[in-house]
Amino acid sequence: MFKLKERNTTVKTEIIAGLTTFLTVAYIIVVNPKILSEAGVPFNQAFTATIIATLVGTLCMAFLANYPIIIAPAMGLNAYFAYSVLGTYNISYTVAFSAVFVTGIIFLILSLTSFRTKLITAIPDNLKHAISAGIGLFIAFIGLRLSGIVADHPTNLVALGDFTDPKVALTLIGLIITIILMTLNIQGSIFIGMVITALIAYFTGQLHFNGIAALPHLPEGALITNPITSFNDVINYGLYGVVFSFLLVMLFDTTGALLGIVRQAGLLKDGKLEKPGSAFFADSIGTTVGAVFGTSPTAASVESSAGVGAGGKTGLTALTVAVLFLITAFFSPLIGSLSDVAAITAPSLIIVGCFMIKSISDINWHDFDEAFPAFLVIVTMPLTSSIANGIALGFIAYPIMKIAKGKIREVHPFVYVFAILFLYQLIFLAR
């Protein structure tokens, strides 16, 4: 089933690779419900939904695409959901999940057609890199703010926090421990750093356990039971920009992660994915099912590269991770206790932000008509606490500058359409 001999691997190697990936990606189990709970989503709801979305998406990736890649809630999109969508549109989280559900359905349809490839090709590379970098800054800012390293200021809006505050001090200790582990190239550094920080928090009285294990449950059950209602919510609340932003980031995240990890595993056929449709289907079904139960969009996890580095080459690696996630579902009280201490999760957000911002080096900074739209995307995401705003301003500025420079034909017609839609969205929101 997994073509182990054909890909020159063994069951033992694949299981070890799966364990390696799990240790690397396990922080999401704590961080994702923590972020969503900030938006009012019940922690147990978000926790179980995170497990379900990861299980469904990863199992589809394992059995349909046979890739050692994990599908899990995407860092950045969860923050966008919690801090931007709900705050900007003044809607309930159930309505916001309708937008996630609709995004999953659209992405599912795109995965079955060639339009997905055309859409990716239409977006300028500089804007793609800028979106990733901007999300990195956005995530890092959230980590700094939640931990208290960055605090409110009446005049400058933000300022350095109080380092004598136990919460801030613990975050700094956790961050130092984690970056040392990463500098030493220890597998699962982020997860191990969280465990060590949690132990320090426990012995210093900042962490209190409310239990260890419990049967998985969903406090509110399925949040979306009627697909028609979800589409009506998007229309009635004008959530087009939200859906489009989710869709673009999912496209870039999954495409970039898939190509990079599959190339690392040596599984590209003539420079192309062997089963692109199946791989994208796994991501879209993970997002759709996750929205039904209460989590933000999923994407192919870049942490999967850790398992590939350990020798993983087939879906058996992904299956191993899925089994470990299923086991974790029985430890929601433990995970909930850990998430209550911001200092445990904040270092992971800051470090993931560092990972994502590295794409800034791929931007063409020499041509102003390319550099400035990218700059707008990067700087406005954290400063407006909105991924959608950053994407919108970048897409509006790009064609304007190209037209001014006489390069109208260099801009894909899709970009002009996107610019008009985003401009309308910004004006509509302003009213």
# chains A, B, ... in the order shown; residues from 1 in each chain; ligands from 1
>>> closest_atom_pairs(of="region 260-303 of chain A", to="region 43-59 of chain A", cutoff="8 Å", atoms="only C-alpha atoms", output="tab-separated table")
residue	atom	partner	partner_atom	distance
A:Ala282	CA	A:Gly57	CA	4.8
A:Asp283	CA	A:Gly57	CA	5.7
A:Ser284	CA	A:Gly57	CA	7.8
A:Ile285	CA	A:Gly57	CA	6.1
A:Gly286	CA	A:Gly57	CA	4.2
A:Thr287	CA	A:Ala53	CA	6.7
A:Val289	CA	A:Ala53	CA	6.0
A:Gly290	CA	A:Ala53	CA	4.4
A:Ala291	CA	A:Ala49	CA	8.0
A:Phe293	CA	A:Ala49	CA	5.2
A:Gly294	CA	A:Ala49	CA	5.3
A:Thr295	CA	A:Ala49	CA	5.6
A:Thr298	CA	A:Ala53	CA	7.4
>>> write_last_selection(atoms="all heavy atoms", output="PDB file, in the first residue's frame")
ATOM      1  N   ALA A 282      -6.492  16.405   0.386  1.00  0.00           N
ATOM      2  CA  ALA A 282      -6.271  16.137   1.810  1.00  0.00           C
ATOM      3  C   ALA A 282      -6.341  17.423   2.618  1.00  0.00           C
ATOM      4  O   ALA A 282      -6.943  17.466   3.702  1.00  0.00           O
ATOM      5  CB  ALA A 282      -4.920  15.448   2.000  1.00  0.00           C
ATOM      6  N   ASP A 283      -5.722  18.475   2.106  1.00  0.00           N
ATOM      7  CA  ASP A 283      -5.723  19.760   2.809  1.00  0.00           C
ATOM      8  C   ASP A 283      -7.130  20.339   2.863  1.00  0.00           C
ATOM      9  O   ASP A 283      -7.593  20.798   3.916  1.00  0.00           O
ATOM     10  CB  ASP A 283      -4.781  20.725   2.100  1.00  0.00           C
ATOM     11  CG  ASP A 283      -4.581  22.001   2.902  1.00  0.00           C
ATOM     12  OD1 ASP A 283      -5.017  22.054   4.060  1.00  0.00           O
ATOM     13  OD2 ASP A 283      -3.975  22.948   2.368  1.00  0.00           O
ATOM     14  N   SER A 284      -7.833  20.323   1.738  1.00  0.00           N
ATOM     15  CA  SER A 284      -9.170  20.923   1.681  1.00  0.00           C
ATOM     16  C   SER A 284     -10.170  20.169   2.549  1.00  0.00           C
ATOM     17  O   SER A 284     -11.015  20.783   3.203  1.00  0.00           O
ATOM     18  CB  SER A 284      -9.660  20.978   0.227  1.00  0.00           C
ATOM     19  OG  SER A 284      -9.715  19.682  -0.341  1.00  0.00           O
ATOM     20  N   ILE A 285     -10.069  18.842   2.592  1.00  0.00           N
ATOM     21  CA  ILE A 285     -11.008  18.072   3.402  1.00  0.00           C
ATOM     22  C   ILE A 285     -10.700  18.279   4.885  1.00  0.00           C
ATOM     23  O   ILE A 285     -11.607  18.292   5.724  1.00  0.00           O
ATOM     24  CB  ILE A 285     -10.961  16.573   3.030  1.00  0.00           C
ATOM     25  CG1 ILE A 285     -12.260  15.876   3.479  1.00  0.00           C
ATOM     26  CG2 ILE A 285      -9.764  15.881   3.613  1.00  0.00           C
ATOM     27  CD1 ILE A 285     -13.472  16.291   2.715  1.00  0.00           C
ATOM     28  N   GLY A 286      -9.414  18.471   5.223  1.00  0.00           N
ATOM     29  CA  GLY A 286      -9.047  18.770   6.602  1.00  0.00           C
ATOM     30  C   GLY A 286      -9.639  20.096   7.049  1.00  0.00           C
ATOM     31  O   GLY A 286     -10.166  20.221   8.163  1.00  0.00           O
ATOM     32  N   THR A 287      -9.577  21.104   6.185  1.00  0.00           N
ATOM     33  CA  THR A 287     -10.145  22.417   6.490  1.00  0.00           C
ATOM     34  C   THR A 287     -11.658  22.349   6.645  1.00  0.00           C
ATOM     35  O   THR A 287     -12.234  22.915   7.581  1.00  0.00           O
ATOM     36  CB  THR A 287      -9.789  23.419   5.377  1.00  0.00           C
ATOM     37  OG1 THR A 287      -8.379  23.637   5.375  1.00  0.00           O
ATOM     38  CG2 THR A 287     -10.499  24.755   5.593  1.00  0.00           C
ATOM     39  N   VAL A 289     -13.691  19.685   7.284  1.00  0.00           N
ATOM     40  CA  VAL A 289     -14.111  18.924   8.458  1.00  0.00           C
ATOM     41  C   VAL A 289     -13.748  19.685   9.739  1.00  0.00           C
ATOM     42  O   VAL A 289     -14.533  19.717  10.693  1.00  0.00           O
ATOM     43  CB  VAL A 289     -13.452  17.528   8.461  1.00  0.00           C
ATOM     44  CG1 VAL A 289     -13.741  16.788   9.775  1.00  0.00           C
ATOM     45  CG2 VAL A 289     -13.952  16.708   7.275  1.00  0.00           C
ATOM     46  N   GLY A 290     -12.577  20.310   9.754  1.00  0.00           N
ATOM     47  CA  GLY A 290     -12.164  21.080  10.922  1.00  0.00           C
ATOM     48  C   GLY A 290     -13.130  22.212  11.227  1.00  0.00           C
ATOM     49  O   GLY A 290     -13.441  22.473  12.393  1.00  0.00           O
ATOM     50  N   ALA A 291     -13.616  22.887  10.186  1.00  0.00           N
ATOM     51  CA  ALA A 291     -14.560  23.988  10.383  1.00  0.00           C
ATOM     52  C   ALA A 291     -15.868  23.503  10.988  1.00  0.00           C
ATOM     53  O   ALA A 291     -16.482  24.194  11.804  1.00  0.00           O
ATOM     54  CB  ALA A 291     -14.823  24.685   9.049  1.00  0.00           C
ATOM     55  N   PHE A 293     -16.297  21.232  13.157  1.00  0.00           N
ATOM     56  CA  PHE A 293     -16.175  20.969  14.586  1.00  0.00           C
ATOM     57  C   PHE A 293     -15.547  22.117  15.376  1.00  0.00           C
ATOM     58  O   PHE A 293     -15.634  22.152  16.601  1.00  0.00           O
ATOM     59  CB  PHE A 293     -15.370  19.686  14.811  1.00  0.00           C
ATOM     60  CG  PHE A 293     -16.082  18.456  14.331  1.00  0.00           C
ATOM     61  CD1 PHE A 293     -15.739  17.861  13.126  1.00  0.00           C
ATOM     62  CD2 PHE A 293     -17.121  17.918  15.060  1.00  0.00           C
ATOM     63  CE1 PHE A 293     -16.413  16.740  12.672  1.00  0.00           C
ATOM     64  CE2 PHE A 293     -17.802  16.795  14.616  1.00  0.00           C
ATOM     65  CZ  PHE A 293     -17.454  16.198  13.416  1.00  0.00           C
ATOM     66  N   GLY A 294     -14.882  23.057  14.671  1.00  0.00           N
ATOM     67  CA  GLY A 294     -14.419  24.236  15.383  1.00  0.00           C
ATOM     68  C   GLY A 294     -12.939  24.514  15.387  1.00  0.00           C
ATOM     69  O   GLY A 294     -12.375  24.793  16.449  1.00  0.00           O
ATOM     70  N   THR A 295     -12.295  24.487  14.214  1.00  0.00           N
ATOM     71  CA  THR A 295     -10.907  24.933  14.153  1.00  0.00           C
ATOM     72  C   THR A 295     -10.668  25.675  12.846  1.00  0.00           C
ATOM     73  O   THR A 295     -11.433  25.546  11.888  1.00  0.00           O
ATOM     74  CB  THR A 295      -9.916  23.761  14.295  1.00  0.00           C
ATOM     75  OG1 THR A 295      -8.589  24.284  14.451  1.00  0.00           O
ATOM     76  CG2 THR A 295      -9.926  22.853  13.074  1.00  0.00           C
ATOM     77  N   THR A 298      -6.622  24.351   7.735  1.00  0.00           N
ATOM     78  CA  THR A 298      -5.436  23.505   7.804  1.00  0.00           C
ATOM     79  C   THR A 298      -4.532  23.761   6.599  1.00  0.00           C
ATOM     80  O   THR A 298      -4.938  24.384   5.624  1.00  0.00           O
ATOM     81  CB  THR A 298      -5.817  22.015   7.821  1.00  0.00           C
ATOM     82  OG1 THR A 298      -6.533  21.705   6.605  1.00  0.00           O
ATOM     83  CG2 THR A 298      -6.697  21.695   9.012  1.00  0.00           C
TER      84      THR A 298
END
>>> residues_around(residues="Ala122 (chain A)", least_positions_apart="2", cutoff="7 Å", atoms="only C-alpha atoms", output="count of residues only")
7
>>> atom_distance(atom1="CA of Ala257 (chain A)", atom2="CA of Thr183 (chain A)")
22.4 Å
>>> select_by_dssp(residues="region 13-219 of chain A", states="strand (DSSP E)", output="list of chain:residue names")
A:Ile71, A:Ala72, A:Pro73, A:Val150, A:Ala151, A:Asp152, A:His153, A:Leu157, A:Val158, A:Ala159, A:Leu160
>>> residues_around(residues="Ala318 (chain A)", least_positions_apart="6", cutoff="8 Å", atoms="only C-alpha atoms", output="VMD selection string")
chain A and resid 18 58 to 59 61 to 62 67 to 70
>>> write_last_selection(atoms="N, CA, C and O atoms", output="short mmCIF file (atom, residue, chain, number, x, y, z; two decimals), in the first residue's frame")
data_model
loop_
_atom_site.label_atom_id
_atom_site.label_comp_id
_atom_site.auth_asym_id
_atom_site.auth_seq_id
_atom_site.Cartn_x
_atom_site.Cartn_y
_atom_site.Cartn_z
N GLY A 18 7.85 9.16 11.73
CA GLY A 18 6.57 9.66 12.22
C GLY A 18 6.68 10.20 13.63
O GLY A 18 6.10 11.25 13.95
N THR A 58 -4.55 14.29 7.53
CA THR A 58 -3.31 13.50 7.48
C THR A 58 -3.58 12.09 6.97
O THR A 58 -2.77 11.53 6.20
N LEU A 59 -4.69 11.48 7.37
CA LEU A 59 -5.02 10.14 6.87
C LEU A 59 -5.30 10.17 5.37
O LEU A 59 -4.92 9.23 4.65
N MET A 61 -3.91 12.26 3.32
CA MET A 61 -2.58 12.43 2.73
C MET A 61 -1.84 11.09 2.72
O MET A 61 -1.15 10.76 1.73
N ALA A 62 -1.99 10.32 3.77
CA ALA A 62 -1.29 9.04 3.88
C ALA A 62 -1.80 8.03 2.88
O ALA A 62 -1.00 7.39 2.16
N TYR A 67 2.20 10.47 0.86
CA TYR A 67 3.31 11.37 1.16
C TYR A 67 3.52 11.45 2.67
O TYR A 67 2.55 11.37 3.44
N PRO A 68 4.74 11.63 3.13
CA PRO A 68 5.03 11.72 4.58
C PRO A 68 4.77 13.12 5.12
O PRO A 68 5.61 13.72 5.78
N ILE A 69 3.59 13.65 4.80
CA ILE A 69 3.28 15.05 5.11
C ILE A 69 2.07 15.12 6.03
O ILE A 69 1.08 14.40 5.84
N ILE A 70 2.14 16.01 7.00
CA ILE A 70 1.07 16.18 7.98
C ILE A 70 0.20 17.38 7.60
O ILE A 70 0.70 18.42 7.20
#
>>> closest_atom_pairs(of="region 128-158 of chain A", to="region 389-398 of chain A", cutoff="9 Å", atoms="only C-alpha atoms", output="Markdown table")
| residue | atom | partner | partner_atom | distance |
| --- | --- | --- | --- | --- |
| A:Ala130 | CA | A:Ile391 | CA | 8.9 |
| A:Ile131 | CA | A:Ile391 | CA | 6.8 |
| A:Gly134 | CA | A:Gly390 | CA | 7.7 |
>>> closest_residue(among="A:His366, A:Lys313, A:His217, A:Lys407", to="Ala329 (chain A)", atoms="only C-alpha atoms")
A:His217
>>> closest_residue(among="A:Tyr27, A:Phe368, A:Tyr424, A:Phe115", to="Ile344 (chain A)", atoms="only C-alpha atoms")
A:Tyr27
>>> residues_around(residues="Phe281 (chain A)", least_positions_apart="4", cutoff="8 Å", atoms="only C-alpha atoms", output="PyMOL selection string")
chain A and resi 60+108+111-112+277+285
>>> atom_distance(atom1="CA of Thr314 (chain A)", atom2="CA of Ala265 (chain A)")
9.1 Å
>>> residues_around(residues="Met381 (chain A)", least_positions_apart="6", cutoff="12 Å", atoms="only C-alpha atoms", output="ChimeraX atom specification")
/A:76-77,79-80,83-84,130-142,245,374-375,387-394
>>> residues_around(residues="Gln264 (chain A)", least_positions_apart="6", cutoff="12 Å", atoms="only C-alpha atoms", output="list in words")
Tyr67, Pro68, Ile69, Ala257, Leu258, Gly271, Val302, Ser304, Ser305, Ala306, Gly307, Val308, Gly309, Ala310, Gly311, Gly312 and Lys313 of chain A
>>> residues_around(residues="Leu259 (chain A)", least_positions_apart="3", cutoff="10 Å", atoms="only C-alpha atoms", output="list in words")
Thr254, Thr255, Gly256, Val262, Arg263, Gln264, Ala265, Leu267, Leu268, Gly271, Lys272, Leu273 and Pro276 of chain A
>>> closest_residue(among="A:Glu370, A:Asp152, A:Asp125, A:Glu303", to="Val352 (chain A)", atoms="only C-alpha atoms")
A:Glu303
>>> closest_residue(among="A:Met194, A:Ala159, A:Ile28, A:Leu383", to="Ile177 (chain A)", atoms="only C-alpha atoms")
A:Met194
>>> closest_residue(among="A:Thr197, A:Ala299, A:Lys5, A:Val150", to="Leu175 (chain A)", atoms="only C-alpha atoms")
A:Thr197
